[in-house]
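Below is protein-v4.txt, which holds compact mmCIF, N, CA and C atoms.
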# COMPACT_ATOMS: atom_id res chain seq x y z
N MET I 1 110.25 117.42 100.27
CA MET I 1 108.92 116.90 100.48
C MET I 1 108.62 116.91 101.97
N THR I 2 107.54 117.53 102.36
CA THR I 2 107.11 117.54 103.75
C THR I 2 105.95 116.56 103.90
N LEU I 3 106.15 115.57 104.75
CA LEU I 3 105.13 114.55 104.97
C LEU I 3 104.32 114.87 106.21
N PRO I 4 103.04 114.48 106.21
CA PRO I 4 102.27 114.60 107.44
C PRO I 4 102.78 113.59 108.46
N ALA I 5 102.54 113.85 109.70
CA ALA I 5 102.91 112.88 110.73
C ALA I 5 102.01 111.66 110.62
N PRO I 6 102.56 110.48 110.85
CA PRO I 6 101.71 109.28 110.84
C PRO I 6 100.70 109.36 111.98
N PRO I 7 99.56 108.68 111.85
CA PRO I 7 99.23 107.78 110.76
C PRO I 7 98.77 108.52 109.52
N PHE I 8 99.05 107.91 108.35
CA PHE I 8 98.53 108.44 107.09
C PHE I 8 98.20 107.29 106.16
N GLY I 9 97.36 107.59 105.16
CA GLY I 9 96.83 106.56 104.28
C GLY I 9 97.42 106.54 102.90
N ARG I 10 96.67 105.91 102.00
CA ARG I 10 97.15 105.63 100.64
C ARG I 10 97.53 106.88 99.84
N GLU I 11 96.80 107.96 100.01
CA GLU I 11 97.14 109.16 99.23
C GLU I 11 98.57 109.60 99.52
N THR I 12 98.95 109.63 100.78
CA THR I 12 100.32 110.02 101.13
C THR I 12 101.31 108.93 100.74
N ILE I 13 100.93 107.67 100.94
CA ILE I 13 101.81 106.56 100.55
C ILE I 13 102.12 106.65 99.06
N GLU I 14 101.10 106.94 98.23
CA GLU I 14 101.32 107.06 96.79
C GLU I 14 102.16 108.27 96.43
N SER I 15 102.26 109.25 97.31
CA SER I 15 103.14 110.39 97.05
C SER I 15 104.60 110.05 97.35
N ILE I 16 104.82 108.91 98.02
CA ILE I 16 106.17 108.51 98.42
C ILE I 16 106.71 107.39 97.54
N ILE I 17 105.91 106.31 97.37
CA ILE I 17 106.39 105.16 96.59
C ILE I 17 105.67 105.08 95.25
N PRO I 18 106.27 104.43 94.26
CA PRO I 18 105.68 104.40 92.92
C PRO I 18 104.60 103.34 92.71
N HIS I 19 104.37 102.46 93.65
CA HIS I 19 103.40 101.38 93.50
C HIS I 19 101.98 101.93 93.43
N ARG I 20 101.15 101.28 92.62
CA ARG I 20 99.76 101.69 92.42
C ARG I 20 98.85 100.47 92.42
N PRO I 21 97.56 100.67 92.75
CA PRO I 21 96.61 99.57 92.67
C PRO I 21 96.59 98.99 91.25
N PRO I 22 96.41 97.71 91.10
CA PRO I 22 96.07 96.76 92.16
C PRO I 22 97.28 96.20 92.89
N PHE I 23 98.47 96.75 92.64
CA PHE I 23 99.68 96.19 93.24
C PHE I 23 100.17 96.98 94.46
N LEU I 24 99.44 97.97 94.92
CA LEU I 24 99.80 98.69 96.14
C LEU I 24 99.30 97.86 97.31
N LEU I 25 100.21 97.42 98.16
CA LEU I 25 99.88 96.48 99.23
C LEU I 25 100.11 97.07 100.63
N VAL I 26 99.98 98.38 100.75
CA VAL I 26 100.04 99.06 102.05
C VAL I 26 98.89 100.06 102.09
N ASP I 27 98.04 99.95 103.11
CA ASP I 27 96.89 100.85 103.23
C ASP I 27 97.17 102.05 104.13
N GLU I 28 98.03 101.83 105.12
CA GLU I 28 98.23 102.87 106.14
C GLU I 28 99.63 102.75 106.73
N VAL I 29 100.25 103.89 107.00
CA VAL I 29 101.52 103.93 107.73
C VAL I 29 101.22 104.46 109.13
N LEU I 30 101.61 103.69 110.13
CA LEU I 30 101.30 104.02 111.52
C LEU I 30 102.46 104.72 112.22
N GLU I 31 103.69 104.32 111.88
CA GLU I 31 104.90 104.92 112.46
C GLU I 31 105.93 105.03 111.35
N LEU I 32 106.72 106.09 111.40
CA LEU I 32 107.74 106.30 110.37
C LEU I 32 108.91 107.08 110.92
N ASP I 33 110.09 106.50 110.75
CA ASP I 33 111.35 107.19 111.03
C ASP I 33 112.11 107.09 109.70
N PRO I 34 112.02 108.15 108.85
CA PRO I 34 112.58 108.07 107.50
C PRO I 34 114.00 107.51 107.44
N GLY I 35 114.17 106.55 106.53
CA GLY I 35 115.47 105.93 106.33
C GLY I 35 115.84 104.90 107.38
N LYS I 36 114.98 104.73 108.41
CA LYS I 36 115.35 103.84 109.51
C LYS I 36 114.33 102.74 109.80
N ARG I 37 113.08 103.13 110.00
CA ARG I 37 112.07 102.12 110.33
C ARG I 37 110.68 102.61 109.99
N VAL I 38 109.77 101.62 109.84
CA VAL I 38 108.39 101.94 109.49
C VAL I 38 107.50 100.83 110.02
N ARG I 39 106.27 101.22 110.34
CA ARG I 39 105.24 100.25 110.71
C ARG I 39 103.99 100.64 109.96
N GLY I 40 103.38 99.65 109.28
CA GLY I 40 102.19 99.93 108.48
C GLY I 40 101.19 98.80 108.58
N ARG I 41 100.17 98.89 107.71
CA ARG I 41 99.07 97.94 107.78
C ARG I 41 98.44 97.75 106.41
N LEU I 42 98.01 96.52 106.17
CA LEU I 42 97.22 96.19 104.98
C LEU I 42 96.00 95.41 105.45
N LEU I 43 94.82 95.89 105.08
CA LEU I 43 93.61 95.10 105.29
C LEU I 43 93.51 94.20 104.06
N VAL I 44 93.74 92.91 104.25
CA VAL I 44 93.75 91.97 103.14
C VAL I 44 92.33 91.91 102.57
N PRO I 45 92.16 92.33 101.30
CA PRO I 45 90.81 92.42 100.75
C PRO I 45 90.14 91.06 100.59
N GLU I 46 88.86 91.02 100.90
CA GLU I 46 88.07 89.79 100.73
C GLU I 46 88.08 89.35 99.27
N ASP I 47 88.16 90.33 98.35
CA ASP I 47 88.11 90.04 96.91
C ASP I 47 89.46 90.26 96.23
N GLY I 48 90.56 90.03 96.96
CA GLY I 48 91.89 90.21 96.38
C GLY I 48 92.02 89.49 95.05
N TRP I 49 92.64 90.14 94.08
CA TRP I 49 92.73 89.60 92.72
C TRP I 49 93.39 88.23 92.66
N TRP I 50 94.16 87.86 93.66
CA TRP I 50 94.89 86.60 93.67
C TRP I 50 94.07 85.44 94.21
N PHE I 51 93.00 85.70 94.98
CA PHE I 51 92.27 84.62 95.64
C PHE I 51 91.57 83.64 94.71
N PRO I 52 90.98 84.05 93.59
CA PRO I 52 90.31 83.06 92.72
C PRO I 52 91.25 81.95 92.24
N GLY I 53 92.54 82.24 92.13
CA GLY I 53 93.48 81.22 91.68
C GLY I 53 94.37 80.67 92.77
N HIS I 54 94.30 81.24 93.98
CA HIS I 54 95.23 80.86 95.07
C HIS I 54 94.51 80.79 96.39
N PHE I 55 93.74 79.96 96.69
CA PHE I 55 93.28 78.76 96.00
C PHE I 55 91.75 78.83 95.96
N PRO I 56 91.09 78.33 94.91
CA PRO I 56 89.64 78.51 94.80
C PRO I 56 88.84 78.02 96.01
N ASP I 57 89.24 76.89 96.61
CA ASP I 57 88.49 76.34 97.74
C ASP I 57 89.08 76.71 99.10
N ARG I 58 90.24 77.36 99.11
CA ARG I 58 90.89 77.76 100.37
C ARG I 58 91.73 78.99 100.08
N PRO I 59 91.08 80.19 100.01
CA PRO I 59 91.82 81.39 99.64
C PRO I 59 92.93 81.72 100.64
N VAL I 60 94.13 81.92 100.09
CA VAL I 60 95.33 82.23 100.88
C VAL I 60 96.10 83.33 100.14
N MET I 61 96.53 84.35 100.85
CA MET I 61 97.38 85.37 100.23
C MET I 61 98.73 84.73 99.94
N PRO I 62 99.20 84.79 98.70
CA PRO I 62 100.50 84.19 98.37
C PRO I 62 101.61 84.77 99.24
N GLY I 63 102.50 83.90 99.69
CA GLY I 63 103.61 84.34 100.53
C GLY I 63 104.45 85.41 99.87
N VAL I 64 104.65 85.31 98.57
CA VAL I 64 105.46 86.32 97.89
C VAL I 64 104.80 87.70 97.95
N LEU I 65 103.46 87.73 97.97
CA LEU I 65 102.78 89.02 98.09
C LEU I 65 102.88 89.56 99.52
N THR I 66 102.93 88.66 100.49
CA THR I 66 103.15 89.09 101.88
C THR I 66 104.53 89.74 102.00
N ILE I 67 105.54 89.12 101.39
CA ILE I 67 106.89 89.70 101.40
C ILE I 67 106.90 91.02 100.63
N GLU I 68 106.18 91.09 99.52
CA GLU I 68 106.07 92.33 98.75
C GLU I 68 105.44 93.43 99.59
N ALA I 69 104.42 93.10 100.38
CA ALA I 69 103.79 94.10 101.25
C ALA I 69 104.79 94.65 102.28
N ILE I 70 105.59 93.75 102.85
CA ILE I 70 106.63 94.20 103.79
C ILE I 70 107.60 95.13 103.06
N ALA I 71 108.02 94.73 101.86
CA ALA I 71 108.98 95.52 101.09
C ALA I 71 108.41 96.89 100.72
N GLN I 72 107.15 96.94 100.34
CA GLN I 72 106.54 98.23 100.01
C GLN I 72 106.48 99.13 101.23
N CYS I 73 106.17 98.55 102.38
CA CYS I 73 106.15 99.33 103.61
C CYS I 73 107.57 99.85 103.89
N GLY I 74 108.57 98.99 103.73
CA GLY I 74 109.96 99.41 103.90
C GLY I 74 110.35 100.49 102.91
N ALA I 75 109.82 100.40 101.69
CA ALA I 75 110.11 101.42 100.67
C ALA I 75 109.62 102.79 101.10
N VAL I 76 108.52 102.82 101.86
CA VAL I 76 108.04 104.10 102.38
C VAL I 76 109.12 104.74 103.24
N ALA I 77 109.74 103.94 104.12
CA ALA I 77 110.79 104.48 104.99
C ALA I 77 112.00 104.94 104.18
N VAL I 78 112.43 104.12 103.21
CA VAL I 78 113.61 104.46 102.41
C VAL I 78 113.36 105.73 101.59
N LEU I 79 112.21 105.80 100.91
CA LEU I 79 111.94 106.93 100.01
C LEU I 79 111.44 108.17 100.74
N ALA I 80 111.06 108.03 102.01
CA ALA I 80 110.68 109.20 102.81
C ALA I 80 111.93 109.99 103.22
N ASP I 81 113.10 109.35 103.14
CA ASP I 81 114.36 110.05 103.38
C ASP I 81 114.57 111.01 102.21
N GLU I 82 114.75 112.26 102.51
CA GLU I 82 114.84 113.32 101.48
C GLU I 82 115.85 112.99 100.38
N ALA I 83 116.94 112.31 100.71
CA ALA I 83 117.96 111.97 99.72
C ALA I 83 117.45 110.99 98.66
N ASN I 84 116.38 110.27 98.97
CA ASN I 84 115.86 109.26 98.05
C ASN I 84 114.53 109.63 97.42
N HIS I 85 114.02 110.81 97.71
CA HIS I 85 112.72 111.22 97.19
C HIS I 85 112.68 111.13 95.66
N GLY I 86 111.63 110.51 95.13
CA GLY I 86 111.45 110.40 93.69
C GLY I 86 112.20 109.26 93.05
N LYS I 87 112.92 108.46 93.83
CA LYS I 87 113.65 107.33 93.27
C LYS I 87 112.78 106.08 93.29
N VAL I 88 113.29 105.01 92.70
CA VAL I 88 112.54 103.76 92.59
C VAL I 88 113.28 102.67 93.37
N PRO I 89 112.56 101.97 94.26
CA PRO I 89 113.19 100.87 95.02
C PRO I 89 113.07 99.56 94.24
N PHE I 90 114.18 98.85 94.15
CA PHE I 90 114.20 97.55 93.48
C PHE I 90 114.69 96.50 94.46
N PHE I 91 114.05 95.31 94.44
CA PHE I 91 114.56 94.20 95.25
C PHE I 91 115.96 93.85 94.80
N ALA I 92 116.86 93.66 95.74
CA ALA I 92 118.20 93.18 95.43
C ALA I 92 118.44 91.84 96.12
N GLY I 93 117.60 91.51 97.10
CA GLY I 93 117.74 90.23 97.77
C GLY I 93 116.68 89.99 98.82
N ILE I 94 116.40 88.71 99.04
CA ILE I 94 115.50 88.27 100.10
C ILE I 94 116.22 87.11 100.78
N ASP I 95 116.57 87.30 102.04
CA ASP I 95 117.32 86.27 102.77
C ASP I 95 116.56 85.85 104.03
N ASP I 96 116.85 84.64 104.47
CA ASP I 96 116.29 84.13 105.72
C ASP I 96 114.77 84.29 105.77
N CYS I 97 114.12 84.00 104.68
CA CYS I 97 112.67 84.16 104.57
C CYS I 97 111.97 82.95 105.20
N ARG I 98 110.98 83.25 106.04
CA ARG I 98 110.20 82.19 106.68
C ARG I 98 108.73 82.58 106.65
N PHE I 99 107.88 81.59 106.35
CA PHE I 99 106.44 81.77 106.39
C PHE I 99 105.93 80.94 107.56
N LYS I 100 105.18 81.58 108.45
CA LYS I 100 104.81 80.90 109.69
C LYS I 100 103.32 80.77 109.91
N ARG I 101 102.53 81.44 109.06
CA ARG I 101 101.08 81.43 109.24
C ARG I 101 100.41 81.81 107.94
N VAL I 102 99.24 81.23 107.69
CA VAL I 102 98.44 81.57 106.51
C VAL I 102 97.85 82.97 106.69
N VAL I 103 97.81 83.74 105.60
CA VAL I 103 97.14 85.04 105.58
C VAL I 103 95.89 84.87 104.71
N ALA I 104 94.73 85.16 105.31
CA ALA I 104 93.45 84.89 104.66
C ALA I 104 92.70 86.18 104.34
N PRO I 105 91.68 86.09 103.48
CA PRO I 105 90.87 87.27 103.18
C PRO I 105 90.32 87.88 104.47
N GLY I 106 90.38 89.21 104.57
CA GLY I 106 89.86 89.91 105.73
C GLY I 106 90.85 90.08 106.87
N ASP I 107 91.99 89.39 106.81
CA ASP I 107 93.01 89.57 107.86
C ASP I 107 93.56 90.98 107.83
N VAL I 108 93.98 91.47 108.97
CA VAL I 108 94.71 92.74 109.05
C VAL I 108 96.17 92.36 109.18
N LEU I 109 96.94 92.73 108.17
CA LEU I 109 98.36 92.39 108.11
C LEU I 109 99.16 93.57 108.64
N ASP I 110 99.79 93.39 109.81
CA ASP I 110 100.66 94.41 110.39
C ASP I 110 102.05 94.23 109.80
N LEU I 111 102.57 95.31 109.24
CA LEU I 111 103.85 95.27 108.52
C LEU I 111 104.88 96.12 109.25
N GLU I 112 106.10 95.63 109.31
CA GLU I 112 107.17 96.44 109.88
C GLU I 112 108.48 96.12 109.20
N CYS I 113 109.32 97.13 109.11
CA CYS I 113 110.64 96.95 108.53
C CYS I 113 111.59 97.91 109.23
N GLU I 114 112.69 97.37 109.70
CA GLU I 114 113.72 98.17 110.34
C GLU I 114 115.03 97.96 109.59
N PHE I 115 115.62 99.06 109.14
CA PHE I 115 116.84 98.97 108.36
C PHE I 115 118.04 98.83 109.27
N VAL I 116 118.81 97.77 109.03
CA VAL I 116 119.97 97.49 109.86
C VAL I 116 121.25 98.00 109.22
N ARG I 117 121.18 98.26 107.90
CA ARG I 117 122.37 98.80 107.21
C ARG I 117 121.93 99.57 105.98
N VAL I 118 122.47 100.76 105.84
CA VAL I 118 122.24 101.57 104.64
C VAL I 118 123.60 102.07 104.18
N ARG I 119 123.98 101.69 102.96
CA ARG I 119 125.26 102.12 102.39
C ARG I 119 125.00 102.60 100.98
N GLY I 120 125.05 103.90 100.79
CA GLY I 120 124.77 104.46 99.47
C GLY I 120 123.37 104.08 99.02
N PRO I 121 123.24 103.51 97.81
CA PRO I 121 121.91 103.18 97.29
C PRO I 121 121.38 101.82 97.75
N ILE I 122 122.13 101.12 98.62
CA ILE I 122 121.73 99.78 99.07
C ILE I 122 121.29 99.85 100.53
N ALA I 123 120.09 99.32 100.80
CA ALA I 123 119.57 99.28 102.17
C ALA I 123 119.16 97.85 102.49
N LYS I 124 119.48 97.42 103.70
CA LYS I 124 119.13 96.08 104.15
C LYS I 124 118.25 96.22 105.38
N GLY I 125 117.04 95.60 105.32
CA GLY I 125 116.10 95.75 106.42
C GLY I 125 115.50 94.44 106.87
N GLN I 126 115.28 94.33 108.18
CA GLN I 126 114.60 93.17 108.75
C GLN I 126 113.11 93.45 108.69
N GLY I 127 112.37 92.60 107.98
CA GLY I 127 110.94 92.81 107.81
C GLY I 127 110.12 91.72 108.44
N ARG I 128 108.90 92.11 108.82
CA ARG I 128 107.99 91.16 109.46
C ARG I 128 106.56 91.53 109.13
N ALA I 129 105.73 90.51 108.91
CA ALA I 129 104.29 90.69 108.75
C ALA I 129 103.61 89.81 109.78
N SER I 130 102.62 90.38 110.48
CA SER I 130 101.93 89.65 111.54
C SER I 130 100.42 89.83 111.40
N VAL I 131 99.69 88.86 111.92
CA VAL I 131 98.23 88.93 112.01
C VAL I 131 97.87 88.64 113.46
N ASP I 132 97.17 89.58 114.09
CA ASP I 132 96.78 89.42 115.50
C ASP I 132 97.97 89.08 116.39
N GLY I 133 99.13 89.71 116.13
CA GLY I 133 100.31 89.49 116.95
C GLY I 133 101.07 88.21 116.63
N GLU I 134 100.59 87.43 115.69
CA GLU I 134 101.24 86.17 115.31
C GLU I 134 102.01 86.39 114.00
N VAL I 135 103.30 86.08 114.00
CA VAL I 135 104.13 86.30 112.81
C VAL I 135 103.63 85.43 111.66
N ALA I 136 103.39 86.07 110.52
CA ALA I 136 102.97 85.36 109.31
C ALA I 136 104.17 85.11 108.41
N ALA I 137 105.06 86.11 108.30
CA ALA I 137 106.26 85.98 107.46
C ALA I 137 107.31 86.94 107.97
N GLU I 138 108.56 86.57 107.75
CA GLU I 138 109.67 87.46 108.08
C GLU I 138 110.82 87.18 107.13
N ALA I 139 111.61 88.21 106.88
CA ALA I 139 112.75 88.07 105.97
C ALA I 139 113.67 89.26 106.12
N MET I 140 114.92 89.06 105.72
CA MET I 140 115.88 90.15 105.59
C MET I 140 115.82 90.58 104.13
N LEU I 141 115.43 91.84 103.90
CA LEU I 141 115.24 92.35 102.55
C LEU I 141 116.36 93.32 102.19
N THR I 142 116.88 93.18 100.98
CA THR I 142 117.88 94.12 100.47
C THR I 142 117.24 94.87 99.31
N VAL I 143 117.39 96.19 99.35
CA VAL I 143 116.77 97.06 98.35
C VAL I 143 117.85 97.93 97.71
N PHE I 144 117.76 98.07 96.40
CA PHE I 144 118.60 99.00 95.67
C PHE I 144 117.71 100.19 95.29
N VAL I 145 118.15 101.39 95.62
CA VAL I 145 117.38 102.60 95.30
C VAL I 145 117.99 103.22 94.04
N GLY I 146 117.22 103.17 92.95
CA GLY I 146 117.72 103.67 91.67
C GLY I 146 116.94 104.87 91.19
N SER I 147 117.40 105.43 90.10
CA SER I 147 116.71 106.58 89.52
C SER I 147 115.47 106.12 88.78
N GLU I 148 114.60 107.07 88.43
CA GLU I 148 113.35 106.71 87.75
C GLU I 148 113.59 106.22 86.34
N GLU I 149 114.72 106.47 85.75
CA GLU I 149 114.97 106.07 84.36
C GLU I 149 115.77 104.81 84.28
Write-out of the structure in structure tokens:
Amino acid sequence: MTLPAPPFGRETIESIIPHRPPFLLVDEVLELDPGKRVRGRLLVPEDGWWFPGHFPDRPVMPGVLTIEAIAQCGAVAVLADEANHGKVPFFAGIDDCRFKRVVAPGDVLDLECEFVRVRGPIAKGQGRASVDGEVAAEAMLTVFVGSEE
């Protein structure tokens, strides 16, 4: 698979990872070093499907979806590595997770993930989501890369 140089948008992202709307939480990849690191972005939609219930009078992006956005961005880096093309990334762990700021409708969520260890099908990456340079969430994510079946 030959990828265009970043930045690239959803069409290319969907050619790399299996996630699809309404659960695709990465709009753009800004930097990519396959198998090593990635930087991306999500424009948090004003009408996100989660806001009517979380919370009706004070819409907040759920923290677990912020972590999912980081993980999806990290999945782009893992699956952009030719050895993992066409595979499916599964969460294997979330460690040292911290939420430091509310993410609201219309925020631009800057996503980054740098892999600190890759051993066979297991990758461990330090992830971070920020809004206007302020950390919203961070965690050490472990991913298992499995086959499509």
Could you give me, as a tab-separated table, every region 53-115 of chain I residue with an atom at most 8 Å from region 21-40 of chain I, plus its closest atom pair and distance in Å to one decimal, counting all atoms listed in the file, rows ordered by chain then number?
residue	atom	partner	partner_atom	distance
I:Leu65	C	I:Leu25	CA	7.5
I:Glu68	C	I:Leu25	CA	6.4
I:Ala69	CA	I:Leu25	C	4.8
I:Ile70	N	I:Leu25	C	6.8
I:Gln72	C	I:Val26	CA	6.5
I:Cys73	C	I:Val38	CA	6.0
I:Gly74	CA	I:Val38	CA	6.3
I:Val76	C	I:Gly35	N	6.3
I:Ala77	C	I:Gly35	N	3.6
I:Val78	N	I:Gly35	N	4.5
I:Leu79	N	I:Gly35	N	6.0
I:Ala80	C	I:Pro34	CA	4.7
I:Asp81	N	I:Gly35	N	4.5
I:Glu82	N	I:Pro34	CA	6.9
I:Leu109	C	I:Gly40	C	5.6
I:Asp110	CA	I:Gly40	C	4.8
I:Leu111	N	I:Gly40	C	3.8
I:Glu112	CA	I:Arg39	CA	4.4
I:Cys113	C	I:Val38	N	4.2
I:Glu114	CA	I:Arg37	CA	4.3
I:Phe115	N	I:Lys36	C	4.0
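Secondary structure by DSSP on the backbone puts the following residues of region 5-130 of chain I in helix (DSSP H, G or I): I:Arg10, I:Glu11, I:Thr12, I:Ile13, I:Glu14, I:Ser15, I:Ile16, I:Gly63, I:Val64, I:Leu65, I:Thr66, I:Ile67, I:Glu68, I:Ala69, I:Ile70, I:Ala71, I:Gln72, I:Cys73, I:Gly74, I:Ala75, I:Val76, I:Ala77, I:Val78, I:Leu79, I:Ala80, I:Glu82, I:Ala83, I:Asn84.
Straight-line separation from atom C of Pro7 (chain I) to CA of Val108 (chain I): 16.3 Å.
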Problem set entry | Surrounding residues of Thr142 (chain I) excluding itself and chain neighbours under 2 positions, 8 Å, only N, CA and C atoms, as a PyMOL selection string | chain I and resi 90-95+122-126+139-140+144-145
Generate the output file for the selected residues, N, CA and C atoms, as a PDB file, keeping the file's coordinate frame.
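result_18.pdb was written with the following content:
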ATOM      1  N   PHE I  90     114.180  98.850  94.150  1.00  0.00           N
ATOM      2  CA  PHE I  90     114.200  97.550  93.480  1.00  0.00           C
ATOM      3  C   PHE I  90     114.690  96.500  94.460  1.00  0.00           C
ATOM      4  N   PHE I  91     114.050  95.310  94.440  1.00  0.00           N
ATOM      5  CA  PHE I  91     114.560  94.200  95.250  1.00  0.00           C
ATOM      6  C   PHE I  91     115.960  93.850  94.800  1.00  0.00           C
ATOM      7  N   ALA I  92     116.860  93.660  95.740  1.00  0.00           N
ATOM      8  CA  ALA I  92     118.200  93.180  95.430  1.00  0.00           C
ATOM      9  C   ALA I  92     118.440  91.840  96.120  1.00  0.00           C
ATOM     10  N   GLY I  93     117.600  91.510  97.100  1.00  0.00           N
ATOM     11  CA  GLY I  93     117.740  90.230  97.770  1.00  0.00           C
ATOM     12  C   GLY I  93     116.680  89.990  98.820  1.00  0.00           C
ATOM     13  N   ILE I  94     116.400  88.710  99.040  1.00  0.00           N
ATOM     14  CA  ILE I  94     115.500  88.270 100.100  1.00  0.00           C
ATOM     15  C   ILE I  94     116.220  87.110 100.780  1.00  0.00           C
ATOM     16  N   ASP I  95     116.570  87.300 102.040  1.00  0.00           N
ATOM     17  CA  ASP I  95     117.320  86.270 102.770  1.00  0.00           C
ATOM     18  C   ASP I  95     116.560  85.850 104.030  1.00  0.00           C
ATOM     19  N   ILE I 122     122.130 101.120  98.620  1.00  0.00           N
ATOM     20  CA  ILE I 122     121.730  99.780  99.070  1.00  0.00           C
ATOM     21  C   ILE I 122     121.290  99.850 100.530  1.00  0.00           C
ATOM     22  N   ALA I 123     120.090  99.320 100.800  1.00  0.00           N
ATOM     23  CA  ALA I 123     119.570  99.280 102.170  1.00  0.00           C
ATOM     24  C   ALA I 123     119.160  97.850 102.490  1.00  0.00           C
ATOM     25  N   LYS I 124     119.480  97.420 103.700  1.00  0.00           N
ATOM     26  CA  LYS I 124     119.130  96.080 104.150  1.00  0.00           C
ATOM     27  C   LYS I 124     118.250  96.220 105.380  1.00  0.00           C
ATOM     28  N   GLY I 125     117.040  95.600 105.320  1.00  0.00           N
ATOM     29  CA  GLY I 125     116.100  95.750 106.420  1.00  0.00           C
ATOM     30  C   GLY I 125     115.500  94.440 106.870  1.00  0.00           C
ATOM     31  N   GLN I 126     115.280  94.330 108.180  1.00  0.00           N
ATOM     32  CA  GLN I 126     114.600  93.170 108.750  1.00  0.00           C
ATOM     33  C   GLN I 126     113.110  93.450 108.690  1.00  0.00           C
ATOM     34  N   ALA I 139     111.610  88.210 106.880  1.00  0.00           N
ATOM     35  CA  ALA I 139     112.750  88.070 105.970  1.00  0.00           C
ATOM     36  C   ALA I 139     113.670  89.260 106.120  1.00  0.00           C
ATOM     37  N   MET I 140     114.920  89.060 105.720  1.00  0.00           N
ATOM     38  CA  MET I 140     115.880  90.150 105.590  1.00  0.00           C
ATOM     39  C   MET I 140     115.820  90.580 104.130  1.00  0.00           C
ATOM     40  N   PHE I 144     117.760  98.070  96.400  1.00  0.00           N
ATOM     41  CA  PHE I 144     118.600  99.000  95.670  1.00  0.00           C
ATOM     42  C   PHE I 144     117.710 100.190  95.290  1.00  0.00           C
ATOM     43  N   VAL I 145     118.150 101.390  95.620  1.00  0.00           N
ATOM     44  CA  VAL I 145     117.380 102.600  95.300  1.00  0.00           C
ATOM     45  C   VAL I 145     117.990 103.220  94.040  1.00  0.00           C
TER      46      VAL I 145
END
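Near (91.9, 83.2, 100.1), the residues that fall inside 6 Å on the basis of all atoms listed in the file are Phe51, His54, Phe55, Arg58, Pro59, Val60, Met61, Ala104 and Pro105 of chain I.
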For this session: Rounded to one decimal place, report the atom N of Ser15 (chain I)-atom C of Glu138 (chain I) distance in Å.
Result: 25.6 Å
For this session: Please run DSSP on the backbone and report, as a PyMOL selection string, all residues within chain I that come out as strand (DSSP E or B).
Result: chain I and resi 8-9+28-33+37-43+88-99+108-119+122-131+134-146
Exercise. How far is it from CA of Glu134 (chain I) to CA of Trp50 (chain I), in Å with one decimal?
Worked result: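 Straight-line distance from CA of Glu134 (chain I) to CA of Trp50 (chain I) works out to 22.6 Å.
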For this session: Check the smallest atom-to-atom distance from each of I:Gly106, I:Gly86, I:Pro4, I:Gly9 to Pro45 (chain I) using only N, CA and C atoms, then report the winner.
Result: I:Gly106
Problem set entry | Of the listed residues I:Leu42, I:Ser147, I:Thr12, I:Gly127, that which approaches Ala71 (chain I) most closely, counting all atoms listed in the file |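 Closest to Ala71 (chain I) of all the choices is I:Gly127.
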Please write out, as JSON, where the centre of an axis-aligned box around all listed atoms of region 50-60 of chain I lies and how long its edges are, in Å to one decimal, after adding 5 Å on each side.
{"center_x": 92.3, "center_y": 82.1, "center_z": 96.3, "size_x": 17.6, "size_y": 21.5, "size_z": 19.2}
For this session: Return the single residue from I:Lys100, I:Ala5, I:Val64, I:Asp107 that is closest to Glu46 (chain I), with distances computed using all atoms listed in the file.
Result: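 Of I:Lys100, I:Ala5, I:Val64, I:Asp107, the one nearest Glu46 (chain I) is I:Asp107, counting all atoms listed in the file.
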Seminar exercise, completed: Between I:Val116, I:Val102, I:Cys97, I:Val88, smallest distance to Val131 (chain I) by only N, CA and C atoms belongs to I:Val102
